[in-house]
>>> print(open('data.txt').read())   # compact mmCIF, C-alpha atoms
# COMPACT_ATOMS: atom_id res chain seq x y z
CA MET A 1 -5.77 23.82 11.85
CA GLU A 2 -5.46 21.39 8.99
CA THR A 3 -2.07 20.41 10.36
CA LEU A 4 -3.80 19.33 13.56
CA VAL A 5 -6.16 17.13 11.58
CA PHE A 6 -3.19 15.72 9.70
CA PHE A 7 -1.38 14.74 12.87
CA GLY A 8 -4.61 13.45 14.38
CA LEU A 9 -4.76 11.02 11.48
CA ALA A 10 -1.08 10.31 10.91
CA VAL A 11 -0.07 9.39 14.45
CA PRO A 12 -2.83 6.78 14.95
CA ILE A 13 -2.07 5.35 11.52
CA LEU A 14 1.58 4.88 12.42
CA VAL A 15 0.69 3.32 15.79
CA LEU A 16 -1.73 0.94 14.07
CA ALA A 17 0.93 0.08 11.51
CA VAL A 18 3.32 -0.85 14.29
CA VAL A 19 0.58 -3.04 15.77
CA VAL A 20 0.10 -4.68 12.35
CA VAL A 21 3.73 -5.71 12.08
CA THR A 22 4.30 -6.71 15.71
CA THR A 23 1.17 -8.29 17.14
CA PRO A 24 1.25 -12.08 17.56
CA HIS A 25 -2.49 -12.41 16.79
CA ILE A 26 -2.89 -12.34 13.03
CA LEU A 27 -6.58 -11.44 13.13
CA ARG A 28 -5.77 -8.46 15.34
CA ALA A 29 -3.21 -7.41 12.75
CA VAL A 30 -5.90 -7.57 10.06
CA VAL A 31 -8.26 -5.38 12.11
CA SER A 32 -5.44 -2.90 12.76
CA LEU A 33 -4.68 -2.80 9.06
CA PHE A 34 -8.34 -2.08 8.38
CA LEU A 35 -8.32 0.90 10.76
CA ALA A 36 -5.03 2.17 9.33
CA LEU A 37 -6.43 2.00 5.79
CA VAL A 38 -9.50 3.96 6.86
CA GLY A 39 -7.13 6.57 8.29
CA VAL A 40 -5.22 6.74 5.00
CA ALA A 41 -8.57 7.31 3.27
CA GLY A 42 -9.03 10.29 5.58
CA LEU A 43 -5.62 11.56 4.51
CA PHE A 44 -6.70 11.29 0.87
CA PHE A 45 -9.74 13.43 1.64
CA LEU A 46 -7.44 15.92 3.35
CA MET A 47 -5.25 15.98 0.24
CA ARG A 48 -8.22 17.12 -1.87
CA ALA A 49 -8.42 13.73 -3.57
CA PRO A 50 -11.92 12.60 -2.64
CA ILE A 51 -12.09 9.99 -5.39
CA LEU A 52 -9.03 8.28 -3.97
CA GLY A 53 -10.52 8.40 -0.48
CA VAL A 54 -13.72 6.73 -1.64
CA MET A 55 -11.72 4.20 -3.64
CA GLN A 56 -9.59 3.43 -0.63
CA LEU A 57 -12.66 2.85 1.52
CA MET A 58 -14.41 0.69 -1.05
CA ILE A 59 -11.53 -1.37 -2.41
CA TYR A 60 -9.13 -1.67 0.50
CA ALA A 61 -11.33 -1.40 3.55
CA GLY A 62 -14.26 -3.15 1.93
CA GLY A 63 -12.58 -5.71 -0.27
CA VAL A 64 -8.98 -6.49 0.52
CA VAL A 65 -9.34 -6.63 4.29
CA VAL A 66 -12.33 -8.95 4.02
CA LEU A 67 -10.25 -11.12 1.69
CA PHE A 68 -7.47 -11.18 4.27
CA ALA A 69 -9.91 -12.08 7.05
CA PHE A 70 -11.26 -14.96 4.99
CA ALA A 71 -7.79 -16.21 4.21
CA VAL A 72 -6.82 -16.07 7.89
CA MET A 73 -9.90 -18.05 8.83
CA LEU A 74 -9.38 -20.58 6.05
CA VAL A 75 -5.83 -21.22 7.11
CA ARG A 76 -6.45 -20.97 10.81
CA ARG A 77 -9.36 -23.39 10.96
CA VAL A 78 -7.00 -26.30 10.49
CA THR A 79 -3.85 -25.20 12.24
CA GLY A 80 -5.47 -23.99 15.40
CA GLU A 81 -3.58 -21.04 16.78
CA PHE A 82 -0.55 -19.33 15.37
CA VAL A 83 2.53 -19.47 17.48
CA ARG A 84 5.88 -17.76 17.07
CA GLN A 85 5.00 -15.10 14.56
CA GLN A 86 8.42 -13.53 14.25
CA THR A 87 11.49 -14.87 12.62
CA GLY A 88 14.67 -14.51 14.58
CA LEU A 89 15.45 -11.50 12.44
CA ALA A 90 13.60 -8.79 14.36
CA GLY A 91 16.82 -7.00 15.25
CA PRO A 92 18.29 -6.94 11.74
CA ALA A 93 14.85 -6.05 10.39
CA LEU A 94 14.73 -3.04 12.71
CA VAL A 95 18.16 -2.00 11.49
CA VAL A 96 17.06 -2.37 7.87
CA GLY A 97 13.92 -0.32 8.44
CA LEU A 98 15.70 2.48 10.28
CA LEU A 99 18.51 2.56 7.75
CA PHE A 100 16.07 2.79 4.89
CA PHE A 101 14.27 5.66 6.61
CA VAL A 102 17.55 7.51 7.13
CA VAL A 103 18.48 7.00 3.49
CA LEU A 104 15.08 8.24 2.32
CA MET A 105 15.31 11.34 4.48
CA GLY A 106 18.85 11.99 3.34
CA ILE A 107 17.90 11.76 -0.31
CA GLY A 108 14.87 13.98 0.20
CA SER A 109 16.62 16.73 2.14
CA GLY A 110 19.63 16.59 -0.15
CA TYR A 111 17.42 16.96 -3.18
CA LEU A 112 15.61 19.87 -1.61
CA ALA A 113 18.87 21.61 -0.66
CA GLY A 114 20.16 21.08 -4.19
CA LEU A 115 17.04 22.65 -5.62
CA GLU A 116 17.34 25.64 -3.33
CA ASP A 117 21.00 26.15 -4.18
CA GLU A 118 20.23 25.86 -7.85
CA ALA A 119 17.40 28.34 -7.62
CA ALA A 120 19.48 30.75 -5.56
CA ALA A 121 22.52 30.52 -7.84
CA ALA A 122 20.79 31.01 -11.16
CA GLY A 123 17.69 33.04 -10.45
CA SER A 124 15.34 32.21 -13.26
CA VAL A 125 17.05 29.32 -14.97
CA HIS A 126 15.03 26.68 -13.17
CA PRO A 127 11.75 28.28 -12.25
CA VAL A 128 10.07 24.91 -12.35
CA SER A 129 12.30 23.27 -9.76
CA ARG A 130 12.21 26.34 -7.54
CA ASP A 131 8.46 26.24 -7.70
CA LEU A 132 8.52 22.59 -6.65
CA ALA A 133 10.84 23.34 -3.75
CA GLU A 134 8.56 26.13 -2.58
CA ARG A 135 5.55 23.92 -2.72
CA LEU A 136 7.32 21.25 -0.69
CA VAL A 137 8.02 23.51 2.25
CA LEU A 138 5.46 26.29 2.13
CA THR A 139 1.85 26.16 3.18
CA ASP A 140 -0.19 27.95 0.60
CA VAL A 141 -3.81 27.86 -0.27
CA PRO A 142 -4.32 25.60 -3.27
CA GLU A 143 -6.23 27.04 -6.16
CA GLU A 144 -9.77 25.97 -6.48
CA ILE A 145 -9.99 22.88 -8.64
CA ASP A 146 -12.64 20.23 -8.74
CA PRO A 147 -10.84 16.89 -8.56
CA VAL A 148 -14.04 14.95 -9.09
CA GLU A 149 -15.05 16.83 -12.19
CA ASP A 150 -11.53 16.82 -13.65
CA PHE A 151 -11.05 13.14 -13.08
CA SER A 152 -13.20 11.32 -15.57
CA PRO A 153 -12.21 13.21 -18.75
CA VAL A 154 -8.55 12.50 -18.10
CA MET A 155 -9.15 8.86 -17.24
CA ILE A 156 -11.55 8.00 -20.03
CA ARG A 157 -10.13 10.20 -22.78
CA ASP A 158 -6.39 10.52 -22.28
CA TYR A 159 -5.60 7.32 -20.44
CA VAL A 160 -8.16 4.95 -21.87
CA ILE A 161 -5.55 2.37 -23.00
CA PRO A 162 -4.01 1.91 -19.52
CA PHE A 163 -7.54 1.82 -18.17
CA GLU A 164 -8.45 -1.10 -20.42
CA ILE A 165 -5.15 -2.84 -19.70
CA ALA A 166 -5.95 -2.56 -16.00
CA SER A 167 -9.26 -4.31 -16.61
CA ILE A 168 -7.45 -7.11 -18.44
CA LEU A 169 -4.99 -7.36 -15.55
CA LEU A 170 -7.87 -7.72 -13.11
CA LEU A 171 -9.45 -10.41 -15.26
CA VAL A 172 -6.18 -12.33 -15.45
CA ALA A 173 -5.67 -11.98 -11.70
CA MET A 174 -9.20 -13.24 -11.06
CA ILE A 175 -8.76 -16.29 -13.28
CA GLY A 176 -5.33 -16.92 -11.80
CA ALA A 177 -6.63 -16.71 -8.25
CA VAL A 178 -9.40 -19.17 -9.03
CA LEU A 179 -6.99 -21.58 -10.72
CA VAL A 180 -4.38 -21.42 -7.99
CA GLY A 181 -6.86 -21.62 -5.15
CA HIS A 182 -8.93 -24.35 -6.77
CA PRO A 183 -9.42 -27.34 -4.48
CA LEU A 184 -6.83 -29.88 -5.49
CA GLU A 185 -7.72 -33.52 -5.82
CA GLN A 186 -7.21 -35.40 -2.58
CA LYS A 187 -5.08 -38.21 -3.93
CA HIS A 188 -2.62 -38.05 -1.09
CA PRO A 189 -4.59 -38.13 2.15
CA GLY A 190 -2.52 -36.86 4.99
CA GLY A 191 0.92 -37.59 3.67
CA GLU A 192 3.49 -35.34 2.10
CA ILE A 193 3.04 -34.67 -1.58
CA GLU A 194 5.92 -34.95 -3.95
CA PRO A 195 7.40 -31.58 -4.83
CA GLU A 196 6.88 -31.98 -8.58
CA GLU A 197 3.11 -32.09 -8.57
CA PRO A 198 2.31 -28.80 -6.82
CA ALA A 199 4.89 -27.05 -8.98
CA GLU A 200 3.11 -28.14 -12.15
CA GLU A 201 -0.23 -27.23 -10.68
CA GLY A 202 0.98 -23.76 -9.84
CA GLU A 203 2.37 -23.07 -13.27
CA GLY A 204 -0.92 -23.89 -14.95
CA ALA A 205 -2.17 -20.51 -13.76
CA MET B 1 -18.67 24.82 0.67
CA SER B 2 -15.35 23.29 -0.13
CA LEU B 3 -12.48 22.04 1.94
CA ASN B 4 -10.59 25.26 1.23
CA ASP B 5 -13.20 27.25 3.14
CA ILE B 6 -12.90 25.03 6.18
CA PHE B 7 -9.10 24.90 6.13
CA PRO B 8 -7.65 28.16 4.83
CA GLU B 9 -4.14 26.70 4.73
CA THR B 10 -2.83 23.31 3.77
CA VAL B 11 -0.38 20.85 5.21
CA PRO B 12 3.06 21.10 3.59
CA THR B 13 3.77 18.28 1.21
CA GLY B 14 6.92 17.44 3.13
CA TYR B 15 4.82 16.26 6.07
CA TYR B 16 3.08 13.76 3.85
CA LEU B 17 6.40 12.59 2.48
CA VAL B 18 7.89 12.00 5.92
CA PHE B 19 4.74 10.21 7.01
CA ALA B 20 4.82 7.98 3.94
CA ALA B 21 8.50 7.19 4.50
CA LEU B 22 7.76 6.15 8.08
CA LEU B 23 4.84 3.98 6.98
CA PHE B 24 6.96 2.37 4.27
CA CYS B 25 9.76 1.57 6.71
CA ILE B 26 7.34 0.06 9.22
CA GLY B 27 6.03 -2.14 6.42
CA LEU B 28 9.57 -3.06 5.46
CA PHE B 29 10.32 -4.05 9.04
CA GLY B 30 7.21 -6.23 9.08
CA LEU B 31 8.08 -7.84 5.77
CA VAL B 32 11.48 -8.89 7.03
CA SER B 33 10.51 -9.86 10.57
CA ARG B 34 7.19 -11.65 9.97
CA ARG B 35 7.32 -15.42 9.73
CA ASN B 36 3.77 -15.93 8.60
CA ALA B 37 3.10 -15.45 4.89
CA ILE B 38 -0.21 -13.68 5.55
CA GLY B 39 1.57 -11.27 7.88
CA MET B 40 4.09 -10.56 5.14
CA LEU B 41 1.27 -9.74 2.72
CA LEU B 42 -0.22 -7.39 5.32
CA SER B 43 3.12 -5.59 5.53
CA ILE B 44 3.24 -5.31 1.74
CA GLU B 45 -0.19 -3.67 1.81
CA LEU B 46 1.15 -1.11 4.28
CA MET B 47 4.05 -0.32 1.94
CA MET B 48 1.69 -0.01 -1.04
CA ASN B 49 -0.38 2.50 0.90
CA ALA B 50 2.69 4.53 1.76
CA VAL B 51 3.52 4.75 -1.94
CA ASN B 52 -0.04 5.79 -2.75
CA VAL B 53 0.12 8.58 -0.17
CA ASN B 54 3.35 9.75 -1.78
CA LEU B 55 1.82 9.81 -5.25
CA ALA B 56 -1.27 11.68 -4.11
CA ALA B 57 0.83 14.22 -2.18
CA PHE B 58 3.01 14.94 -5.20
CA SER B 59 -0.10 15.19 -7.33
CA ARG B 60 -1.46 17.83 -4.96
CA SER B 61 1.68 19.91 -5.07
CA GLY B 62 2.21 19.38 -8.76
CA LEU B 63 3.99 21.72 -11.07
CA GLU B 64 0.80 22.79 -12.71
CA VAL B 65 -2.33 23.31 -10.71
CA GLY B 66 -5.27 21.28 -11.87
CA GLN B 67 -3.34 18.29 -13.07
CA ILE B 68 -4.91 15.06 -12.00
CA GLN B 69 -2.44 12.56 -13.42
CA GLY B 70 -0.91 11.72 -10.04
CA GLN B 71 -4.25 10.67 -8.67
CA LEU B 72 -4.84 8.62 -11.79
CA LEU B 73 -1.57 6.83 -11.18
CA VAL B 74 -2.85 5.93 -7.71
CA VAL B 75 -5.87 4.31 -9.33
CA PHE B 76 -3.60 2.05 -11.36
CA THR B 77 -1.33 1.19 -8.44
CA VAL B 78 -4.38 0.28 -6.37
CA THR B 79 -5.49 -1.99 -9.21
CA VAL B 80 -2.14 -3.74 -9.24
CA ALA B 81 -2.09 -3.99 -5.45
CA VAL B 82 -5.51 -5.59 -5.35
CA ALA B 83 -4.59 -8.09 -8.05
CA GLU B 84 -1.42 -8.90 -6.13
CA ALA B 85 -3.32 -9.41 -2.88
CA ALA B 86 -5.87 -11.71 -4.53
CA VAL B 87 -3.29 -13.88 -6.25
CA GLY B 88 -1.03 -13.88 -3.19
CA LEU B 89 -3.78 -15.02 -0.87
CA ALA B 90 -4.81 -17.72 -3.35
CA ILE B 91 -1.22 -18.93 -3.44
CA ILE B 92 -1.09 -18.93 0.37
CA VAL B 93 -4.29 -20.96 0.63
CA ALA B 94 -3.09 -23.44 -2.00
CA MET B 95 0.26 -23.65 -0.25
CA PHE B 96 -1.48 -24.37 3.00
CA LYS B 97 -3.52 -27.14 1.40
CA LEU B 98 -0.38 -28.75 0.03
CA ARG B 99 2.15 -28.19 2.77
CA LYS B 100 -0.03 -27.66 5.88
CA THR B 101 1.92 -24.55 6.80
CA VAL B 102 2.08 -20.90 5.86
CA ASN B 103 5.36 -20.15 7.60
CA ALA B 104 7.86 -18.79 5.16
CA ASP B 105 10.87 -20.46 6.74
CA GLU B 106 9.36 -23.93 6.43
CA LEU B 107 8.78 -23.66 2.70
CA ASN B 108 11.92 -25.17 1.27
CA LEU B 109 10.72 -26.83 -1.93
CA LEU B 110 13.34 -24.99 -3.96
CA ARG B 111 16.20 -25.86 -1.68
CA GLY B 112 17.14 -28.84 -3.86
>>> encode(input="data.txt", output="structure tokens")
Amino acid sequence: METLVFFGLAVPILVLAVVVVTTPHILRAVVSLFLALVGVAGLFFLMRAPILGVMQLMIYAGGVVVLFAFAVMLVRRVTGEFVRQQTGLAGPALVVGLLFFVVLMGIGSGYLAGLEDEAAAAGSVHPVSRDLAERLVLTDVPEEIDPVEDFSPVMIRDYVIPFEIASILLLVAMIGAVLVGHPLEQKHPGGEIEPEEPAEEGEGA
Amino acid sequence: MSLNDIFPETVPTGYYLVFAALLFCIGLFGLVSRRNAIGMLLSIELMMNAVNVNLAAFSRSGLEVGQIQGQLLVVFTVTVAVAEAAVGLAIIVAMFKLRKTVNADELNLLRG
């Protein structure tokens, strides 16, 4: 039953992802990305991680996609329409993507087979890895935990330093985005600007 | 009433891993084949989400039930991804103001 829900979410997400990377209309790609991110939020709920699902909806679907839409409109307003979205590398890109998938699957299945062999050869030497292998392939009922209640003590007590560093990172990113995106002085109307000036401007951030 | 009452059995973690690998490879394809810098950033967001799904899936099937560290790691990766998207889009907008293009193959300032 839950597997049905999983496939009901996963297949549309993958289709939307293909639309994101192939459509010639960039705004359509942004909308597809929005729907795919909402689907991933559903997957988080299915994985018993409701905090991550809510975060995904608020941050990605609510914030990042709106940011992307604004950027598309800012850039598009001047250029008119976008033409020729793809480089000439679609074929090699397809090969790279497929090859990477094959490599990932090979590593994963090889690792799993190694774990099983190990567990079979030496019964109780690696109970931990055998347990992991079982959990990867078996469908068992997870024990009752409360991910919401367990979350905040771990985050605020055990991982408070990374938490604060993340806030500093966000502050730096915010200042950097403002500095980089700040309207530059219009000393050079229309013409090409010398390469040195934008380089200095960019490094100030 | 919890999710365990509605769904008495769970999806194997391997399904999530295969799904995340597919999503990551689609994003990789987009990153290589897109010409538009905004489209490349969209593809990077797809890949980031695939990684987050992976982390959450491994957190669910962790070695010790009740550990939440994997989900916490997703919080930090989302933070980094959002910072990256904000700075990247600012760079794209600034680049467009300077060069009047956002196509990656026309940006050849470093060619020398």
>>> residues_around(input="data.txt", residues="segment 23-30 of chain A", least_positions_apart="4", cutoff="12 Å", atoms="only C-alpha atoms", output="PyMOL selection string")
(chain A and resi 15-19+34-37+60-61+64-76+81-87) or (chain B and resi 30+33-43+45-46)
>>> interface_residues(input="data.txt", of="chain B", to="chain A", cutoff="6 Å", atoms="all atoms listed in the file", output="list in words")
Phe7, Glu9, Thr10, Val11, Pro12, Thr13, Gly14, Cys25, Leu28, Phe29, Gly30, Val32, Ser33, Arg34, Arg35, Gly66, Ala83, Val87, Ala90 and Ala94 of chain B
>>> atom_distance(input="data.txt", atom1="atom CA of Leu57 of chain A", atom2="atom CA of Asn49 of chain B")
12.3 Å
>>> closest_residue(input="data.txt", among="B:Leu110, B:Leu98, B:Leu89, B:Phe76", to="Val160 of chain A", atoms="all atoms listed in the file")
B:Phe76
>>> atom_distance(input="data.txt", atom1="atom CA of Val18 of chain B", atom2="atom CA of Gly106 of chain A")
11.3 Å
>>> closest_residue(input="data.txt", among="B:Tyr15, B:Val51, B:Met95, B:Arg60", to="Val74 of chain B", atoms="all atoms listed in the file")
B:Val51
>>> residues_near_point(input="data.txt", point="(2.4, 15.4, -3.4)", cutoff="9 Å", atoms="only C-alpha atoms", output="PDB file with C-alpha atoms, in the coordinates of the input")
ATOM      1  CA  MET A  47      -5.250  15.980   0.240  1.00  0.00           C
ATOM      2  CA  LEU A 136       7.320  21.250  -0.690  1.00  0.00           C
TER       3      LEU A 136
ATOM      4  CA  THR B  13       3.770  18.280   1.210  1.00  0.00           C
ATOM      5  CA  GLY B  14       6.920  17.440   3.130  1.00  0.00           C
ATOM      6  CA  TYR B  16       3.080  13.760   3.850  1.00  0.00           C
ATOM      7  CA  LEU B  17       6.400  12.590   2.480  1.00  0.00           C
ATOM      8  CA  VAL B  53       0.120   8.580  -0.170  1.00  0.00           C
ATOM      9  CA  ASN B  54       3.350   9.750  -1.780  1.00  0.00           C
ATOM     10  CA  LEU B  55       1.820   9.810  -5.250  1.00  0.00           C
ATOM     11  CA  ALA B  56      -1.270  11.680  -4.110  1.00  0.00           C
ATOM     12  CA  ALA B  57       0.830  14.220  -2.180  1.00  0.00           C
ATOM     13  CA  PHE B  58       3.010  14.940  -5.200  1.00  0.00           C
ATOM     14  CA  SER B  59      -0.100  15.190  -7.330  1.00  0.00           C
ATOM     15  CA  ARG B  60      -1.460  17.830  -4.960  1.00  0.00           C
ATOM     16  CA  SER B  61       1.680  19.910  -5.070  1.00  0.00           C
ATOM     17  CA  GLY B  62       2.210  19.380  -8.760  1.00  0.00           C
ATOM     18  CA  GLY B  70      -0.910  11.720 -10.040  1.00  0.00           C
TER      19      GLY B  70
END
>>> decode(input="data.txt", residues="segment 9-20 of chain B", atoms="all heavy atoms", output="short mmCIF file (atom, residue, chain, number, x, y, z; two decimals), in the first residue's frame")
data_model
loop_
_atom_site.label_atom_id
_atom_site.label_comp_id
_atom_site.auth_asym_id
_atom_site.auth_seq_id
_atom_site.Cartn_x
_atom_site.Cartn_y
_atom_site.Cartn_z
N GLU B 9 3.25 -1.43 6.55
CA GLU B 9 4.60 -1.80 6.11
C GLU B 9 5.20 -0.63 5.35
O GLU B 9 4.48 0.22 4.81
CB GLU B 9 4.57 -3.03 5.23
CG GLU B 9 3.81 -2.83 3.93
CD GLU B 9 3.86 -4.07 3.08
OE1 GLU B 9 4.13 -5.15 3.62
OE2 GLU B 9 3.61 -3.96 1.88
N THR B 10 6.52 -0.61 5.31
CA THR B 10 7.19 0.54 4.72
C THR B 10 7.83 0.18 3.39
O THR B 10 8.00 -0.98 3.06
CB THR B 10 8.29 1.06 5.66
OG1 THR B 10 9.29 0.05 5.73
CG2 THR B 10 7.74 1.33 7.02
N VAL B 11 8.18 1.22 2.67
CA VAL B 11 8.89 1.04 1.41
C VAL B 11 10.34 0.67 1.72
O VAL B 11 10.93 1.27 2.61
CB VAL B 11 8.83 2.34 0.59
CG1 VAL B 11 9.50 2.16 -0.74
CG2 VAL B 11 7.41 2.79 0.42
N PRO B 12 10.90 -0.31 1.02
CA PRO B 12 12.31 -0.61 1.27
C PRO B 12 13.19 0.58 0.94
O PRO B 12 12.91 1.35 0.02
CB PRO B 12 12.61 -1.77 0.30
CG PRO B 12 11.30 -2.28 -0.10
CD PRO B 12 10.30 -1.20 0.05
N THR B 13 14.25 0.72 1.71
CA THR B 13 15.14 1.86 1.51
C THR B 13 15.77 1.85 0.12
O THR B 13 16.04 2.90 -0.45
CB THR B 13 16.24 1.85 2.58
OG1 THR B 13 15.61 1.76 3.84
CG2 THR B 13 17.06 3.10 2.53
N GLY B 14 15.97 0.63 -0.42
CA GLY B 14 16.57 0.54 -1.75
C GLY B 14 15.76 1.26 -2.81
O GLY B 14 16.32 1.85 -3.74
N TYR B 15 14.44 1.28 -2.68
CA TYR B 15 13.61 2.01 -3.64
C TYR B 15 13.97 3.49 -3.62
O TYR B 15 14.11 4.13 -4.67
CB TYR B 15 12.13 1.84 -3.31
CG TYR B 15 11.54 0.49 -3.63
CD1 TYR B 15 12.36 -0.59 -3.91
CD2 TYR B 15 10.17 0.31 -3.65
CE1 TYR B 15 11.82 -1.83 -4.19
CE2 TYR B 15 9.62 -0.93 -3.93
CZ TYR B 15 10.46 -1.99 -4.19
OH TYR B 15 9.92 -3.21 -4.47
N TYR B 16 14.10 4.02 -2.41
CA TYR B 16 14.44 5.44 -2.30
C TYR B 16 15.81 5.71 -2.92
O TYR B 16 16.02 6.74 -3.56
CB TYR B 16 14.44 5.87 -0.84
CG TYR B 16 13.08 6.03 -0.25
CD1 TYR B 16 12.60 5.14 0.70
CD2 TYR B 16 12.26 7.09 -0.62
CE1 TYR B 16 11.34 5.28 1.24
CE2 TYR B 16 11.00 7.23 -0.09
CZ TYR B 16 10.55 6.33 0.85
OH TYR B 16 9.31 6.47 1.37
N LEU B 17 16.72 4.75 -2.72
CA LEU B 17 18.08 4.99 -3.24
C LEU B 17 18.08 4.99 -4.76
O LEU B 17 18.72 5.84 -5.39
CB LEU B 17 19.03 3.92 -2.70
CG LEU B 17 19.14 3.86 -1.17
CD1 LEU B 17 20.21 2.87 -0.77
CD2 LEU B 17 19.42 5.21 -0.59
N VAL B 18 17.34 4.05 -5.36
CA VAL B 18 17.29 4.01 -6.83
C VAL B 18 16.61 5.27 -7.36
O VAL B 18 17.06 5.88 -8.34
CB VAL B 18 16.55 2.74 -7.29
CG1 VAL B 18 16.35 2.78 -8.79
CG2 VAL B 18 17.32 1.51 -6.90
N PHE B 19 15.54 5.67 -6.70
CA PHE B 19 14.86 6.91 -7.10
C PHE B 19 15.80 8.10 -7.03
O PHE B 19 15.87 8.92 -7.97
CB PHE B 19 13.65 7.13 -6.20
CG PHE B 19 13.09 8.52 -6.26
CD1 PHE B 19 12.34 8.93 -7.34
CD2 PHE B 19 13.34 9.41 -5.23
CE1 PHE B 19 11.85 10.22 -7.39
CE2 PHE B 19 12.84 10.68 -5.27
CZ PHE B 19 12.09 11.09 -6.36
N ALA B 20 16.55 8.20 -5.94
CA ALA B 20 17.46 9.34 -5.79
C ALA B 20 18.56 9.30 -6.83
O ALA B 20 18.96 10.34 -7.37
CB ALA B 20 18.06 9.35 -4.38
#
